[in-house]
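As provided, final-v3.pdb (PDB, C-alpha atoms) reads as follows.
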```pdb
MODEL        1
ATOM      1  CA  MET J   1    -107.248  86.829 -45.672
ATOM      2  CA  THR J   2    -103.633  86.009 -46.474
ATOM      3  CA  LEU J   3    -100.972  88.534 -45.562
ATOM      4  CA  VAL J   4     -97.769  88.836 -47.527
ATOM      5  CA  GLN J   5     -94.233  89.336 -46.266
ATOM      6  CA  MET J   6     -93.398  93.041 -46.458
ATOM      7  CA  GLN J   7     -90.170  93.908 -48.264
ATOM      8  CA  PRO J   8     -88.312  97.186 -47.684
ATOM      9  CA  ARG J   9     -88.709  99.653 -50.539
ATOM     10  CA  PRO J  10     -85.905 101.753 -51.952
ATOM     11  CA  ALA J  11     -86.104 105.341 -50.678
ATOM     12  CA  ASN J  12     -86.798 106.696 -54.176
ATOM     13  CA  ALA J  13     -89.594 104.218 -54.983
ATOM     14  CA  THR J  14     -93.119 105.618 -55.154
ATOM     15  CA  PRO J  15     -95.748 102.976 -54.431
ATOM     16  CA  VAL J  16     -98.513 102.804 -57.012
ATOM     17  CA  HIS J  17    -101.032 101.600 -54.435
ATOM     18  CA  ARG J  18     -99.898 102.711 -51.011
ATOM     19  CA  THR J  19    -100.771 100.317 -48.229
ATOM     20  CA  ALA J  20    -101.292 100.810 -44.524
ATOM     21  CA  ALA J  21     -97.778  99.458 -43.949
ATOM     22  CA  ASP J  22     -96.379 102.406 -45.915
ATOM     23  CA  VAL J  23     -97.735 104.972 -43.447
ATOM     24  CA  LEU J  24     -98.148 103.202 -40.086
ATOM     25  CA  ASP J  25     -97.142 105.055 -36.954
ATOM     26  CA  THR J  26     -95.244 102.393 -35.036
ATOM     27  CA  GLY J  27     -93.902 104.634 -32.284
ATOM     28  CA  GLY J  28     -96.945 104.895 -30.023
ATOM     29  CA  PRO J  29     -97.276 103.203 -26.656
ATOM     30  CA  GLN J  30     -98.940  99.823 -26.225
ATOM     31  CA  VAL J  31    -100.610  99.118 -22.903
ATOM     32  CA  CYS J  32    -102.254  96.118 -21.276
ATOM     33  CA  ASP J  33    -106.042  95.946 -21.065
ATOM     34  CA  ASP J  34    -105.919  95.614 -17.273
ATOM     35  CA  MET J  35    -104.680  99.217 -16.983
ATOM     36  CA  THR J  36    -107.109 101.623 -15.316
ATOM     37  CA  VAL J  37    -108.555 104.622 -17.127
ATOM     38  CA  GLU J  38    -106.674 107.071 -14.871
ATOM     39  CA  VAL J  39    -103.323 105.391 -15.507
ATOM     40  CA  ALA J  40    -104.041 105.247 -19.259
ATOM     41  CA  LEU J  41    -104.776 108.981 -19.295
ATOM     42  CA  ALA J  42    -101.491 109.611 -17.465
ATOM     43  CA  VAL J  43     -99.600 107.451 -19.988
ATOM     44  CA  MET J  44    -101.202 109.388 -22.846
ATOM     45  CA  ALA J  45    -100.256 112.704 -21.279
ATOM     46  CA  SER J  46     -96.643 111.681 -20.694
ATOM     47  CA  ALA J  47     -96.342 110.189 -24.196
ATOM     48  CA  ARG J  48     -98.058 113.249 -25.708
ATOM     49  CA  THR J  49    -100.367 111.119 -27.783
ATOM     50  CA  GLY J  50    -104.111 111.056 -28.326
ATOM     51  CA  HIS J  51    -104.477 107.270 -28.435
ATOM     52  CA  LEU J  52    -103.136 104.028 -27.011
ATOM     53  CA  LEU J  53    -102.951 100.559 -28.503
ATOM     54  CA  VAL J  54    -104.448  98.095 -26.037
ATOM     55  CA  CYS J  55    -103.262  94.475 -25.815
ATOM     56  CA  ASP J  56    -104.402  91.512 -23.733
ATOM     57  CA  ASN J  57    -102.207  89.382 -21.479
ATOM     58  CA  ASP J  58    -101.182  87.265 -24.492
ATOM     59  CA  GLY J  59     -99.909  90.324 -26.362
ATOM     60  CA  LEU J  60    -102.773  90.342 -28.861
ATOM     61  CA  CYS J  61    -104.212  93.692 -29.831
ATOM     62  CA  THR J  62    -107.712  94.178 -28.442
ATOM     63  CA  GLY J  63    -108.282  97.686 -29.719
ATOM     64  CA  LEU J  64    -107.413 101.328 -29.516
ATOM     65  CA  VAL J  65    -108.590 103.927 -27.025
ATOM     66  CA  THR J  66    -108.530 107.665 -27.500
ATOM     67  CA  GLN J  67    -108.172 110.452 -25.012
ATOM     68  CA  ALA J  68    -111.727 111.572 -25.799
ATOM     69  CA  GLN J  69    -113.112 108.074 -25.071
ATOM     70  CA  LEU J  70    -111.280 107.847 -21.767
ATOM     71  CA  ALA J  71    -112.307 111.349 -20.716
ATOM     72  CA  ALA J  72    -115.955 110.509 -21.450
ATOM     73  CA  VAL J  73    -115.708 107.351 -19.337
ATOM     74  CA  ARG J  74    -114.007 109.210 -16.490
ATOM     75  CA  ASP J  75    -116.672 111.935 -16.561
ATOM     76  CA  SER J  76    -119.602 109.484 -16.539
ATOM     77  CA  SER J  77    -121.678 108.886 -13.427
ATOM     78  CA  ALA J  78    -120.851 105.144 -13.494
ATOM     79  CA  TYR J  79    -117.093 105.750 -13.311
ATOM     80  CA  THR J  80    -114.955 104.369 -10.489
ATOM     81  CA  ASP J  81    -111.180 104.348 -10.189
ATOM     82  CA  ARG J  82    -111.241 100.581 -10.799
ATOM     83  CA  VAL J  83    -112.539 100.756 -14.388
ATOM     84  CA  GLN J  84    -110.040  99.012 -16.648
ATOM     85  CA  LEU J  85    -109.508  99.443 -20.372
ATOM     86  CA  ARG J  86    -110.933  95.961 -21.039
ATOM     87  CA  ASP J  87    -114.175  97.147 -19.408
ATOM     88  CA  ILE J  88    -114.671  99.873 -21.995
ATOM     89  CA  LEU J  89    -113.356  98.222 -25.161
ATOM     90  CA  GLY J  90    -116.149  95.703 -25.666
ATOM     91  CA  ASN J  91    -115.596  93.506 -28.706
ATOM     92  CA  ARG J  92    -112.213  93.420 -30.406
ATOM     93  CA  GLY J  93    -111.673  95.761 -33.297
ATOM     94  CA  PRO J  94    -111.999  97.326 -35.696
ATOM     95  CA  PHE J  95    -108.566  96.652 -37.165
ATOM     96  CA  THR J  96    -106.781  96.958 -40.463
ATOM     97  CA  SER J  97    -104.180  94.817 -42.164
ATOM     98  CA  PRO J  98    -100.775  96.175 -43.209
ATOM     99  CA  VAL J  99    -101.577  95.156 -46.801
ATOM    100  CA  THR J 100    -104.876  97.064 -46.927
ATOM    101  CA  THR J 101    -104.668  99.838 -49.492
ATOM    102  CA  MET J 102    -104.843 103.380 -48.189
ATOM    103  CA  ALA J 103    -108.015 103.968 -50.198
ATOM    104  CA  GLU J 104    -109.712 100.991 -48.533
ATOM    105  CA  ALA J 105    -108.478 101.972 -45.074
ATOM    106  CA  GLU J 106    -109.598 105.599 -45.459
ATOM    107  CA  HIS J 107    -113.028 104.465 -46.656
ATOM    108  CA  ALA J 108    -113.401 102.074 -43.705
ATOM    109  CA  MET J 109    -112.330 104.735 -41.217
ATOM    110  CA  ARG J 110    -114.755 107.315 -42.580
ATOM    111  CA  TYR J 111    -117.566 104.725 -42.657
ATOM    112  CA  ARG J 112    -116.883 103.733 -39.030
ATOM    113  CA  GLN J 113    -116.327 107.386 -38.072
ATOM    114  CA  VAL J 114    -112.934 106.743 -36.462
ATOM    115  CA  ASP J 115    -109.751 108.783 -36.812
ATOM    116  CA  ALA J 116    -107.361 105.903 -36.135
ATOM    117  CA  LEU J 117    -107.206 102.121 -36.537
ATOM    118  CA  PRO J 118    -104.749  99.599 -35.154
ATOM    119  CA  ALA J 119    -102.943  97.560 -37.791
ATOM    120  CA  VAL J 120    -102.420  93.945 -36.783
ATOM    121  CA  ASP J 121    -100.545  91.010 -38.275
ATOM    122  CA  GLU J 122    -102.149  87.651 -39.038
ATOM    123  CA  GLN J 123    -101.613  86.503 -35.429
ATOM    124  CA  GLY J 124    -103.361  89.595 -34.016
ATOM    125  CA  SER J 125    -100.255  91.383 -32.749
ATOM    126  CA  ALA J 126    -100.255  95.170 -33.067
ATOM    127  CA  LEU J 127     -97.942  96.598 -35.718
ATOM    128  CA  GLY J 128     -98.870 100.252 -35.304
ATOM    129  CA  VAL J 129    -101.635 102.772 -35.810
ATOM    130  CA  LEU J 130    -103.063 104.124 -39.036
ATOM    131  CA  ALA J 131    -104.463 107.637 -38.498
ATOM    132  CA  LEU J 132    -106.346 109.996 -40.786
ATOM    133  CA  ALA J 133    -104.522 113.232 -41.466
ATOM    134  CA  GLY J 134    -106.205 116.404 -40.273
TER     135      GLY J 134
ENDMDL
END
```
Written as structure tokens, that's how I'd like the structure from this file.
Amino acid sequence: MTLVQMQPRPANATPVHRTAADVLDTGGPQVCDDMTVEVALAVMASARTGHLLVCDNDGLCTGLVTQAQLAAVRDSSAYTDRVQLRDILGNRGPFTSPVTTMAEAEHAMRYRQVDALPAVDEQGSALGVLALAG
């Protein structure tokens, strides 16, 4: 897939086909995948957010974790205080591209039964989070 260079839009322009880039939340915290579950929950609480973007040591996005996921891990019988985010993420993804249309992104999120997806550039760096409203 080829990504295109995003150009700023005039404030009064209404996009015909809104893309993920038009509505990305870029303000959320990004954390390293070697962070423990307990520390990640503390970061979420202090940032007042329900999810964290997780990156590897090279700065590439490896996924997104939610407060519900982390709470389930912490409450499991196999939990120890040494469990790191990389231990619970498994395979990378799912992700979306900033040029994905909102219709495509919403369909993919409903199909995968997720409320939020990380948006990544062509190198795999996190650009922000696309979340379903309500």
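With atom CA of J:Pro118 on one side and atom CA of J:Gln84 on the other, the separation reads 19.3 Å.
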Shortest contact to J:Cys61, candidates J:Val83, J:Leu117, J:Ala131, J:Ala105, atoms counted all atoms listed in the file, goes to J:Leu117
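Picture a line from atom CA of J:Thr36 to atom CA of J:Leu60; it runs 18.2 Å.
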Dump as CSV the rows for residues of stretch 43-117 of chain J within 7 Å of stretch 18-27 of chain J: closest atom pair and distance in Å with one decimal, all atoms listed in the file counted, ordered by chain and rising residue number.
```
residue,atom,partner,partner_atom,distance
J:Pro98,CA,J:Ala21,CA,4.5
J:Val99,CA,J:Thr19,CA,5.4
J:Thr100,CA,J:Thr19,CA,5.4
J:Thr101,CA,J:Thr19,CA,4.1
J:Met102,CA,J:Thr19,CA,5.1
```
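Counting only C-alpha atoms, the residue from J:Gln30, J:Thr66, J:Thr49, J:Asn57 that sits nearest to J:Val114 is J:Thr66.
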Please evaluate the PyMOL selection byres ((chain J and resi 87) around 12) against the structure above and give the resulting residues as a list of chain:residue names.
J:Asp33, J:Asp34, J:Met35, J:Thr36, J:Val37, J:Val54, J:Thr62, J:Gly63, J:Val65, J:Leu70, J:Val73, J:Ala78, J:Tyr79, J:Thr80, J:Arg82, J:Val83, J:Gln84, J:Leu85, J:Arg86, J:Ile88, J:Leu89, J:Gly90, J:Asn91, J:Arg92
Would you work out the distance separating atom CA of J:Thr96 from atom CA of J:His51, expressed in Å to one decimal?
16.0 Å
Using all atoms of stretch 53-67 of chain J that appear in the file, construct an axis-aligned enclosing box with 8 Å of padding on every side and provide its centre coordinates and edge lengths in Å, rounded to one decimal, as lines of an AutoDock Vina configuration file.
```
center_x = -104.2
center_y = 98.9
center_z = -25.7
size_x = 24.7
size_y = 39.2
size_z = 24.4
```
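Here the question is which of J:Leu132, J:Ala42, J:Leu127, J:Ala72 gets nearest to J:Met109 using all atoms listed in the file, and that residue is J:Leu132.
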Neighbours of point (-102.7, 91.5, -39.2) within 9 Å, using all atoms listed in the file, written as a VMD selection string:
chain J and resid 3 95 to 99 119 to 127
Between J:Val129, J:Cys32, J:His107, J:Ala116, smallest distance to J:Asp58 by all atoms listed in the file belongs to J:Cys32
